[in-house]
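Asks: Input file: final01.csv. Contents: CSV, C-alpha atoms and all ligand atoms.
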```csv
chain,number,residue,atom,x,y,z
W,25,VAL,CA,81.1,155.7,137.8
W,26,PRO,CA,84.1,157.9,138.2
W,27,GLU,CA,87.5,156.1,138.1
W,28,LEU,CA,90.8,157.2,139.6
W,29,PRO,CA,91.7,159.8,136.9
W,30,GLU,CA,88.3,161.5,137.3
W,31,VAL,CA,88.6,161.6,141.0
W,32,GLU,CA,92.1,163.0,140.7
W,33,VAL,CA,90.8,165.7,138.4
W,34,VAL,CA,88.3,166.6,141.1
W,35,ARG,CA,91.0,166.6,143.8
W,36,ARG,CA,93.2,169.0,141.9
W,37,GLY,CA,90.3,171.2,141.0
W,38,LEU,CA,89.2,171.5,144.6
W,39,ALA,CA,92.6,171.7,146.3
W,40,ARG,CA,93.5,175.2,145.3
W,41,TRP,CA,90.1,176.5,146.3
W,42,VAL,CA,89.5,174.8,149.7
W,43,ALA,CA,92.9,174.4,151.2
W,44,GLY,CA,93.4,176.7,154.2
W,45,ARG,CA,89.7,177.8,154.3
W,46,THR,CA,87.7,177.7,157.5
W,47,ILE,CA,84.2,176.3,157.5
W,48,ASP,CA,81.5,178.8,158.6
W,49,ASN,CA,78.3,177.0,158.0
W,50,VAL,CA,77.1,173.6,156.9
W,51,GLU,CA,73.6,172.9,155.4
W,52,VAL,CA,72.5,169.3,154.8
W,53,LEU,CA,69.6,169.6,152.3
W,54,LEU,CA,69.1,165.8,152.0
W,55,PRO,CA,69.9,163.7,155.1
W,56,ARG,CA,70.3,160.6,152.9
W,57,SER,CA,73.5,162.2,151.6
W,58,VAL,CA,75.1,162.0,155.0
W,59,ARG,CA,73.7,158.6,155.9
W,60,ARG,CA,77.2,157.1,156.3
W,61,HIS,CA,77.8,159.7,159.1
W,62,LEU,CA,76.4,157.7,162.0
W,63,GLY,CA,75.9,160.8,164.2
W,64,GLY,CA,73.4,162.2,161.8
W,65,PRO,CA,73.1,165.5,159.9
W,66,VAL,CA,73.3,167.8,162.9
W,67,ASP,CA,76.4,166.1,164.3
W,68,PHE,CA,77.9,166.2,160.8
W,69,ALA,CA,77.4,170.0,160.6
W,70,ASP,CA,78.5,170.6,164.2
W,71,LEU,CA,81.8,168.7,163.7
W,72,LEU,CA,82.7,170.9,160.7
W,73,VAL,CA,81.8,174.4,161.8
W,74,GLY,CA,84.9,176.4,162.8
W,75,ARG,CA,87.3,173.8,161.4
W,76,THR,CA,89.9,174.5,158.7
W,77,VAL,CA,90.3,172.3,155.6
W,78,THR,CA,94.0,171.7,155.2
W,79,GLY,CA,94.0,170.1,151.7
W,80,VAL,CA,92.4,167.5,149.5
W,81,GLU,CA,93.7,164.0,149.3
W,82,ARG,CA,93.0,160.8,147.5
W,83,ARG,CA,93.8,157.0,147.5
W,84,GLY,CA,92.3,155.1,144.6
W,85,LYS,CA,88.8,156.4,144.3
W,86,PHE,CA,88.7,157.6,148.0
W,87,LEU,CA,88.7,161.4,148.2
W,88,TRP,CA,88.9,163.3,151.5
W,89,LEU,CA,89.4,166.8,152.9
W,90,PRO,CA,91.6,166.6,156.0
W,91,LEU,CA,90.7,169.0,158.7
W,92,ASP,CA,92.9,170.8,161.3
W,93,ASP,CA,92.9,167.9,163.7
W,94,ASP,CA,92.5,164.1,163.3
W,95,ASP,CA,89.4,164.2,161.3
W,96,ALA,CA,88.6,164.4,157.6
W,97,VAL,CA,85.5,164.9,155.4
W,98,LEU,CA,85.3,161.7,153.3
W,99,ALA,CA,83.5,162.1,150.0
W,100,HIS,CA,81.8,159.1,148.3
W,101,LEU,CA,81.0,160.2,144.7
W,102,GLY,CA,78.9,157.1,144.0
W,103,MET,CA,77.4,157.1,140.5
W,104,SER,CA,76.8,160.8,140.0
W,105,GLY,CA,78.3,162.8,142.9
W,106,GLN,CA,80.0,166.1,142.2
W,107,LEU,CA,81.9,168.5,144.4
W,108,LEU,CA,81.5,172.0,143.1
W,109,MET,CA,83.1,175.3,144.2
W,110,GLN,CA,80.4,177.9,143.4
W,111,PRO,CA,80.0,181.6,144.2
W,112,SER,CA,77.6,181.9,147.1
W,113,ASP,CA,75.1,184.0,145.0
W,114,GLU,CA,75.0,181.3,142.3
W,115,SER,CA,71.5,179.7,142.3
W,116,ASP,CA,71.3,176.2,143.7
W,117,GLU,CA,71.7,173.1,141.5
W,118,LYS,CA,68.6,171.0,141.2
W,119,HIS,CA,70.3,168.1,143.0
W,120,LEU,CA,72.2,170.1,145.6
W,121,ARG,CA,72.5,167.9,148.7
W,122,VAL,CA,75.0,169.5,151.1
W,123,ARG,CA,76.3,173.1,151.2
W,124,ILE,CA,79.6,174.0,153.0
W,125,ARG,CA,80.2,177.8,153.4
W,126,PHE,CA,83.6,179.2,154.1
W,127,ALA,CA,84.2,182.1,156.5
W,128,ASP,CA,86.7,184.1,154.4
W,129,ASP,CA,85.3,183.6,150.9
W,130,GLY,CA,82.5,184.4,148.6
W,131,ARG,CA,82.4,180.8,147.5
W,132,GLU,CA,80.9,177.6,148.8
W,133,LEU,CA,81.5,173.9,148.4
W,134,ARG,CA,78.5,172.1,147.1
W,135,PHE,CA,77.9,168.4,147.0
W,136,VAL,CA,75.5,167.7,144.1
W,137,ASP,CA,74.3,164.1,143.6
W,138,GLN,CA,71.4,163.2,141.3
W,139,ARG,CA,71.2,159.5,142.0
W,140,THR,CA,72.1,159.8,145.7
W,141,PHE,CA,74.4,156.8,145.9
W,142,GLY,CA,77.2,159.1,147.0
W,143,GLY,CA,77.5,161.0,150.3
W,144,LEU,CA,79.7,162.8,152.8
W,145,GLN,CA,80.8,161.7,156.3
W,146,VAL,CA,83.4,162.8,158.9
W,147,GLN,CA,85.9,160.1,159.7
W,148,THR,CA,89.0,159.9,161.9
W,149,LEU,CA,92.3,159.7,160.2
W,150,GLY,CA,94.9,157.1,161.1
W,151,PRO,CA,97.8,155.1,159.6
W,152,ASP,CA,97.0,152.5,156.9
W,153,LEU,CA,98.1,148.9,157.2
W,154,PHE,CA,100.6,149.1,154.3
W,155,THR,CA,102.8,152.2,154.6
W,156,GLY,CA,101.7,154.2,157.6
W,157,ARG,CA,100.3,157.0,155.4
W,158,VAL,CA,97.5,158.8,157.3
W,159,VAL,CA,94.1,158.0,155.7
W,160,PRO,CA,90.5,157.9,156.7
W,161,GLU,CA,89.4,154.7,158.6
W,162,SER,CA,87.6,153.2,155.6
W,163,ALA,CA,90.7,153.5,153.5
W,164,ALA,CA,93.1,151.8,156.0
W,165,HIS,CA,92.6,148.4,154.4
W,166,ILE,CA,92.9,149.8,150.8
W,167,ALA,CA,96.4,149.4,149.3
W,168,PRO,CA,98.1,152.4,147.8
W,169,ASP,CA,97.4,153.2,144.1
W,170,PRO,CA,100.2,153.5,141.6
W,171,LEU,CA,100.0,157.4,141.5
W,172,GLU,CA,100.7,157.7,145.3
W,173,ALA,CA,104.1,158.7,146.5
W,174,VAL,CA,104.1,155.8,149.0
W,175,PHE,CA,103.4,153.2,146.3
W,176,ASP,CA,106.1,150.5,146.3
W,177,VAL,CA,106.3,148.1,143.4
W,178,ARG,CA,108.5,145.6,145.5
W,179,ARG,CA,105.8,145.4,148.1
W,180,LEU,CA,103.1,144.7,145.5
W,181,ALA,CA,105.3,142.1,143.7
W,182,ALA,CA,106.0,140.3,147.0
W,183,ALA,CA,102.2,140.3,147.8
W,184,LEU,CA,101.4,139.0,144.2
W,185,ARG,CA,103.8,136.1,144.5
W,186,ARG,CA,102.1,134.9,147.7
W,187,ARG,CA,98.7,134.7,145.9
W,188,ARG,CA,97.3,131.9,143.8
W,189,THR,CA,95.3,134.0,141.4
W,190,GLY,CA,95.3,135.6,137.9
W,191,ILE,CA,96.9,138.9,137.3
W,192,LYS,CA,93.7,140.8,136.4
W,193,ARG,CA,91.9,139.6,139.5
W,194,ALA,CA,94.9,140.8,141.4
W,195,LEU,CA,94.9,144.2,139.7
W,196,LEU,CA,91.2,144.7,140.7
W,197,ASP,CA,91.8,143.6,144.3
W,198,GLN,CA,92.0,146.7,146.4
W,199,SER,CA,93.8,144.8,149.2
W,200,LEU,CA,96.8,144.5,146.7
W,201,VAL,CA,96.6,147.7,144.7
W,202,SER,CA,93.9,150.3,144.4
W,203,GLY,CA,92.6,152.6,141.7
W,204,ILE,CA,93.1,150.3,138.7
W,205,GLY,CA,89.6,149.7,137.3
W,206,ASN,CA,88.5,147.2,134.6
W,207,ILE,CA,89.3,149.5,131.7
W,208,TYR,CA,92.8,150.4,133.0
W,209,ALA,CA,93.6,146.7,133.7
W,210,ASP,CA,92.7,145.7,130.2
W,211,GLU,CA,94.7,148.5,128.6
W,212,ALA,CA,97.8,147.8,130.8
W,213,LEU,CA,97.6,144.1,130.1
W,214,TRP,CA,97.4,144.7,126.3
W,215,ARG,CA,100.4,147.1,126.4
W,216,ALA,CA,102.4,144.5,128.4
W,217,ARG,CA,101.3,141.7,126.1
W,218,MET,CA,100.0,139.7,129.0
W,219,HIS,CA,96.9,137.5,129.3
W,220,TYR,CA,94.6,138.4,132.2
W,221,ALA,CA,94.7,134.8,133.7
W,222,ARG,CA,98.5,134.7,134.0
W,223,PRO,CA,99.3,133.4,137.4
W,224,THR,CA,100.7,136.1,139.8
W,225,SER,CA,102.9,133.6,141.6
W,226,ALA,CA,105.5,133.6,138.9
W,227,PHE,CA,105.7,137.4,138.4
W,228,THR,CA,109.1,139.0,138.8
W,229,THR,CA,109.4,142.5,140.4
W,230,ALA,CA,110.5,143.8,137.0
W,231,GLN,CA,107.4,142.4,135.3
W,232,VAL,CA,105.1,143.9,137.9
W,233,GLY,CA,107.0,147.2,137.4
W,234,THR,CA,106.4,147.1,133.7
W,235,LEU,CA,102.7,146.3,134.1
W,236,ILE,CA,102.1,149.0,136.7
W,237,GLY,CA,104.1,151.4,134.5
W,238,HIS,CA,101.6,150.8,131.7
W,239,ALA,CA,98.6,151.2,134.0
W,240,THR,CA,100.1,154.5,135.3
W,241,ASP,CA,100.6,155.7,131.7
W,242,VAL,CA,97.0,155.0,130.8
W,243,MET,CA,95.7,156.7,133.9
W,244,GLN,CA,98.0,159.7,133.3
W,245,GLN,CA,96.7,160.0,129.8
W,246,ALA,CA,93.1,160.0,131.0
W,247,LEU,CA,94.1,162.5,133.6
W,248,ALA,CA,95.7,164.8,131.0
W,249,GLN,CA,92.6,164.7,128.9
W,250,GLY,CA,90.4,165.4,131.9
W,251,GLY,CA,92.4,168.5,132.6
W,252,THR,CA,90.2,170.8,130.6
W,253,SER,CA,88.0,171.4,133.7
W,254,PHE,CA,91.0,172.5,135.9
W,255,ASP,CA,90.5,176.1,135.2
W,256,SER,CA,86.8,176.1,135.8
W,257,LEU,CA,85.1,176.6,139.1
W,258,TYR,CA,82.8,173.8,138.0
W,259,VAL,CA,84.6,170.6,138.6
W,260,ASP,CA,82.7,167.9,136.7
W,261,VAL,CA,83.5,164.2,137.4
W,262,ASN,CA,81.8,163.1,134.2
W,263,GLY,CA,83.2,165.8,132.0
W,264,SER,CA,85.8,164.1,129.9
W,265,SER,CA,85.2,160.4,129.6
W,266,GLY,CA,84.0,160.4,125.9
W,267,TYR,CA,87.2,162.1,124.7
W,268,PHE,CA,89.4,159.5,126.5
W,269,GLU,CA,87.4,156.5,125.1
W,270,ARG,CA,88.7,157.3,121.6
W,271,SER,CA,92.3,156.7,122.7
W,272,LEU,CA,91.7,153.2,124.2
W,273,GLU,CA,93.7,150.4,122.5
W,274,VAL,CA,91.7,147.4,123.5
W,275,TYR,CA,88.8,148.1,125.9
W,276,GLY,CA,85.5,148.2,124.0
W,277,ARG,CA,87.0,147.2,120.7
W,278,GLU,CA,85.5,143.7,120.2
W,279,ASP,CA,86.0,142.4,116.6
W,280,GLU,CA,88.1,145.4,115.7
W,281,PRO,CA,91.7,144.8,114.6
W,282,CYS,CA,94.5,144.7,117.2
W,283,ARG,CA,96.5,147.9,116.7
W,284,ARG,CA,99.7,145.9,116.9
W,285,CYS,CA,99.0,142.7,114.9
W,286,GLY,CA,95.6,143.1,113.2
W,287,ARG,CA,93.9,140.1,114.8
W,288,PRO,CA,90.3,140.9,115.9
W,289,ILE,CA,90.0,141.8,119.6
W,290,VAL,CA,87.9,139.3,121.6
W,291,ARG,CA,85.6,140.1,124.5
W,292,GLU,CA,85.3,137.5,127.3
W,293,PRO,CA,83.1,137.4,130.4
W,294,PHE,CA,85.1,138.2,133.5
W,295,MET,CA,83.9,138.8,137.1
W,296,ASN,CA,80.4,139.9,136.0
W,297,ARG,CA,82.1,142.3,133.6
W,298,SER,CA,84.1,141.8,130.4
W,299,SER,CA,87.8,141.4,129.5
W,300,PHE,CA,89.1,142.6,126.1
W,301,ARG,CA,92.3,141.1,124.7
W,302,CYS,CA,94.1,140.2,121.5
W,303,PRO,CA,94.3,136.4,121.1
W,304,THR,CA,97.7,136.7,119.5
W,305,CYS,CA,99.5,139.3,121.6
W,306,GLN,CA,97.9,138.0,124.8
W,307,ARG,CA,98.0,134.2,124.6
W,308,VAL,CA,96.5,131.9,127.3
W,309,PRO,CA,99.4,131.1,129.7
W,310,ARG,CA,100.4,127.8,131.2
W,311,GLY,CA,98.8,127.4,134.6
W,312,ALA,CA,96.2,130.0,133.9
W,313,HIS,CA,94.1,131.2,136.9
W,314,TRP,CA,90.7,132.0,135.5
M,1,ZN,ZN,97.6,141.7,118.7
```
Would you give me this structure, written as C-alpha cells?
Ligand SMILES: [Zn+2]

Replies:
Amino acid sequence: VPELPEVEVVRRGLARWVAGRTIDNVEVLLPRSVRRHLGGPVDFADLLVGRTVTGVERRGKFLWLPLDDDDAVLAHLGMSGQLLMQPSDESDEKHLRVRIRFADDGRELRFVDQRTFGGLQVQTLGPDLFTGRVVPESAAHIAPDPLEAVFDVRRLAAALRRRRTGIKRALLDQSLVSGIGNIYADEALWRARMHYARPTSAFTTAQVGTLIGHATDVMQQALAQGGTSFDSLYVDVNGSSGYFERSLEVYGREDEPCRRCGRPIVREPFMNRSSFRCPTCQRVPRGAHW
C-alpha cells in the first residue's frame, strides 16, 4: 500500500507533465475502476473532455488533479494503482483501466491497477473543516498532513490535549493529522524516545512539534530515496520501498539491538498491526492509554 512519500513521488512526477494540459478524450477500459463515480463511466468521461488540468495536489494519501472549475479528478491508488504518463504510441499495459488523452500532447495519462482496489472519480472541490484549504469532498474531514503548507502544530497540539487517547492512536487518526502511517509513527516515536501509549492530554505544543518534526524527517528521507523515478515518464508507486526499509531504525527490527542503547527491540500487537519500540528508550508512561 503506498504511503504519503510514495504518493508525493507520484504527485511530483505527474505535476510537470499534466499541469495546463487540456483533456481531449477519456477511455474507461474497466468500469469497476470508476465505480466510485456515481454517474458511471460515460458521465465520468463526459465531465472531463474539454477540461484543463491545473495541477496535481495531495493531502495525506489523497491525490487529485484540479480542473479549470470547481471539480477535480480524485485518484485512489488502492493496493496497486499507478498513474503513468506514457507516449500515445506505447503499447497498453496489461492492467490498463483508464486512459486520458490530452489535446496538445503526444502523451496520455494511464491509470493502471492490477488488483482493482483503486479507482478514479470526479469530485467537487470545497474548503476543508480545518484550514479552509480547497480539497475534494472526501478529504474535507481529513486533517492536514505535516508536509502541507497549511499544517499548524498548535492546532494539532490543542486537538491532542482534548483527547483521552495514546499518542500513536492519535498519530494514526486522520481527523487529527493525516499521512502518518504505522511505520512513520513508530520511527518518529523512537526518535522522540516516546512510548506509543503516552497520553496525549499532557503533551505540550513543543513536544508535539518535536514529534511531528521527526515524522516529517522520516517521510522526507523516504521521499528523497523515492526520487529516483522523478526523471522517468514511468512513475511507479512501488518503485523504491525496499531501499528505504534498510534505513529504518525500529520498524521491523524485532529482537535486533536498539541503535541507541543496544537493548533488543520488541514487537507488540497494536490496532490489528504491530508496534516496534525499545523497552529502555521508550518506557511505559504513567497513565498509559493502550
Ligand atoms: Zn534503546

Asks: Counting all atoms listed in the file, which residues sit no farther than 10 Å from the position (92.5, 174.4, 151.8) in the file's frame? I'd like them as JSON, numbers by chain.

Replies: {"W": [38, 39, 40, 41, 42, 43, 44, 45, 46, 76, 77, 78, 79, 80, 89, 90, 91]}

Asks: Which residues are near Arg56 of chain W? Cut-off 10 Å, all atoms listed in the file, ignore same chain within fewer than 5 positions. Put them as a PyMOL selection string.

Replies: chain W and resi 61+64-65+121+140-144

Asks: Residues at most 10 Å from ligand ZN 1 (chain M), using only C-alpha atoms and all ligand atoms? Could they come as a ChimeraX atom specification?

Replies: /W:214-215,217,274,281-289,301-307

Asks: (83.9, 137.3, 139.3) in this file's frame - what residues fall within 12 Å of it? Use all atoms listed in the file and give the answer as a list in words.

Replies: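 Those within range, by chain then number, are Gly190, Lys192, Arg193, Ala194, Leu196, Asp197, Asn206, Pro293, Phe294, Met295, Asn296, Arg297, Ser298, Ser299 and Trp314 of chain W.
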
Asks: If you count all atoms listed in the file, which residues fall within 10 Å of Met103 of chain W, apart from same-chain ones fewer than 3 positions away, as a list in words?

Replies: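 Result of the neighbour search: Val25, Pro26, His100, Gln106, Asp137, Gln138, Arg139, Thr140, Phe141, Gly142, Val261 and Asn262 of chain W.
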
Asks: Can you list every residue of segment 78-129 of chain W that has an atom at most 12 Å from segment 154-161 of chain W, with its nearest atom pair and the distance in Å to one decimal, using all atoms listed in the file, ordered by chain then number, as a tab-separated table?

Replies:
```
residue	atom	partner	partner_atom	distance
W:Val80	CA	W:Val159	CA	11.5
W:Glu81	CA	W:Val159	CA	8.8
W:Arg82	CA	W:Val159	CA	8.7
W:Arg83	CA	W:Val159	CA	8.3
W:Gly84	CA	W:Val159	CA	11.6
W:Phe86	CA	W:Pro160	CA	8.9
W:Leu87	CA	W:Pro160	CA	9.4
W:Trp88	CA	W:Pro160	CA	7.7
W:Leu89	CA	W:Pro160	CA	9.7
W:Pro90	CA	W:Pro160	CA	8.8
W:Leu91	CA	W:Pro160	CA	11.3
W:Asp94	CA	W:Pro160	CA	9.3
W:Asp95	CA	W:Pro160	CA	7.9
W:Ala96	CA	W:Pro160	CA	6.8
W:Val97	CA	W:Pro160	CA	8.7
W:Leu98	CA	W:Pro160	CA	7.3
W:Ala99	CA	W:Pro160	CA	10.6
```

Asks: How many Å lie between atom CA of Val52 of chain W and atom CA of Glu32 of chain W, rounded to one decimal?

Replies: 25.0 Å

Asks: Tell me which of W:Val232, W:Ala167, W:Ile47, W:Ala209 sits closest to Arg123 of chain W, counting all atoms listed in the file.

Replies: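 For Arg123 of chain W, the nearest of the candidates is W:Ile47.
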
Asks: Can you tell me how far atom CA of Glu211 of chain W sits from atom CA of Ala239 of chain W, in Å to one decimal?

Replies: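 Separation between atom CA of Glu211 of chain W and atom CA of Ala239 of chain W: 7.2 Å.
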
Asks: Do a neighbour search on Gln110 of chain W at 7 Å with only C-alpha atoms, toss out local chain neighbours closer than 3 positions, and write the hits as a PyMOL selection string.

Replies: chain W and resi 114+131-133+257

Asks: Using only C-alpha atoms, which of the listed residues (W:Val31, W:Ala216, W:Ala226, W:Leu108) sits closest to Arg188 of chain W?

Replies: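 For Arg188 of chain W, the nearest of the given residues is W:Ala226.
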
Asks: Give the answer as one residue: which of W:Arg222, W:Arg75, W:Arg125, W:His238 has the shortest atom-to-atom distance to Asp92 of chain W, using all atoms listed in the file?

Replies: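 Result for the nearest residue to Asp92 of chain W: W:Arg75.
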
Asks: Between atom CA of Tyr275 of chain W and atom CA of Phe300 of chain W, what distance in Å does the model show, to one decimal?

Replies: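 Computing it gives 5.5 Å between the two atoms.
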
Asks: Could you tell me which of W:Ala248, W:Leu200, W:Leu195, W:Ala164 comes closest to Asp176 of chain W if we count all atoms listed in the file?

Replies: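 Closest residue, counting all atoms listed in the file: W:Leu200.
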
Asks: Between W:Leu28, W:Ile207, W:Val290, W:Val50, which is the closest to Leu272 of chain W once you count only C-alpha atoms?

Replies: W:Ile207
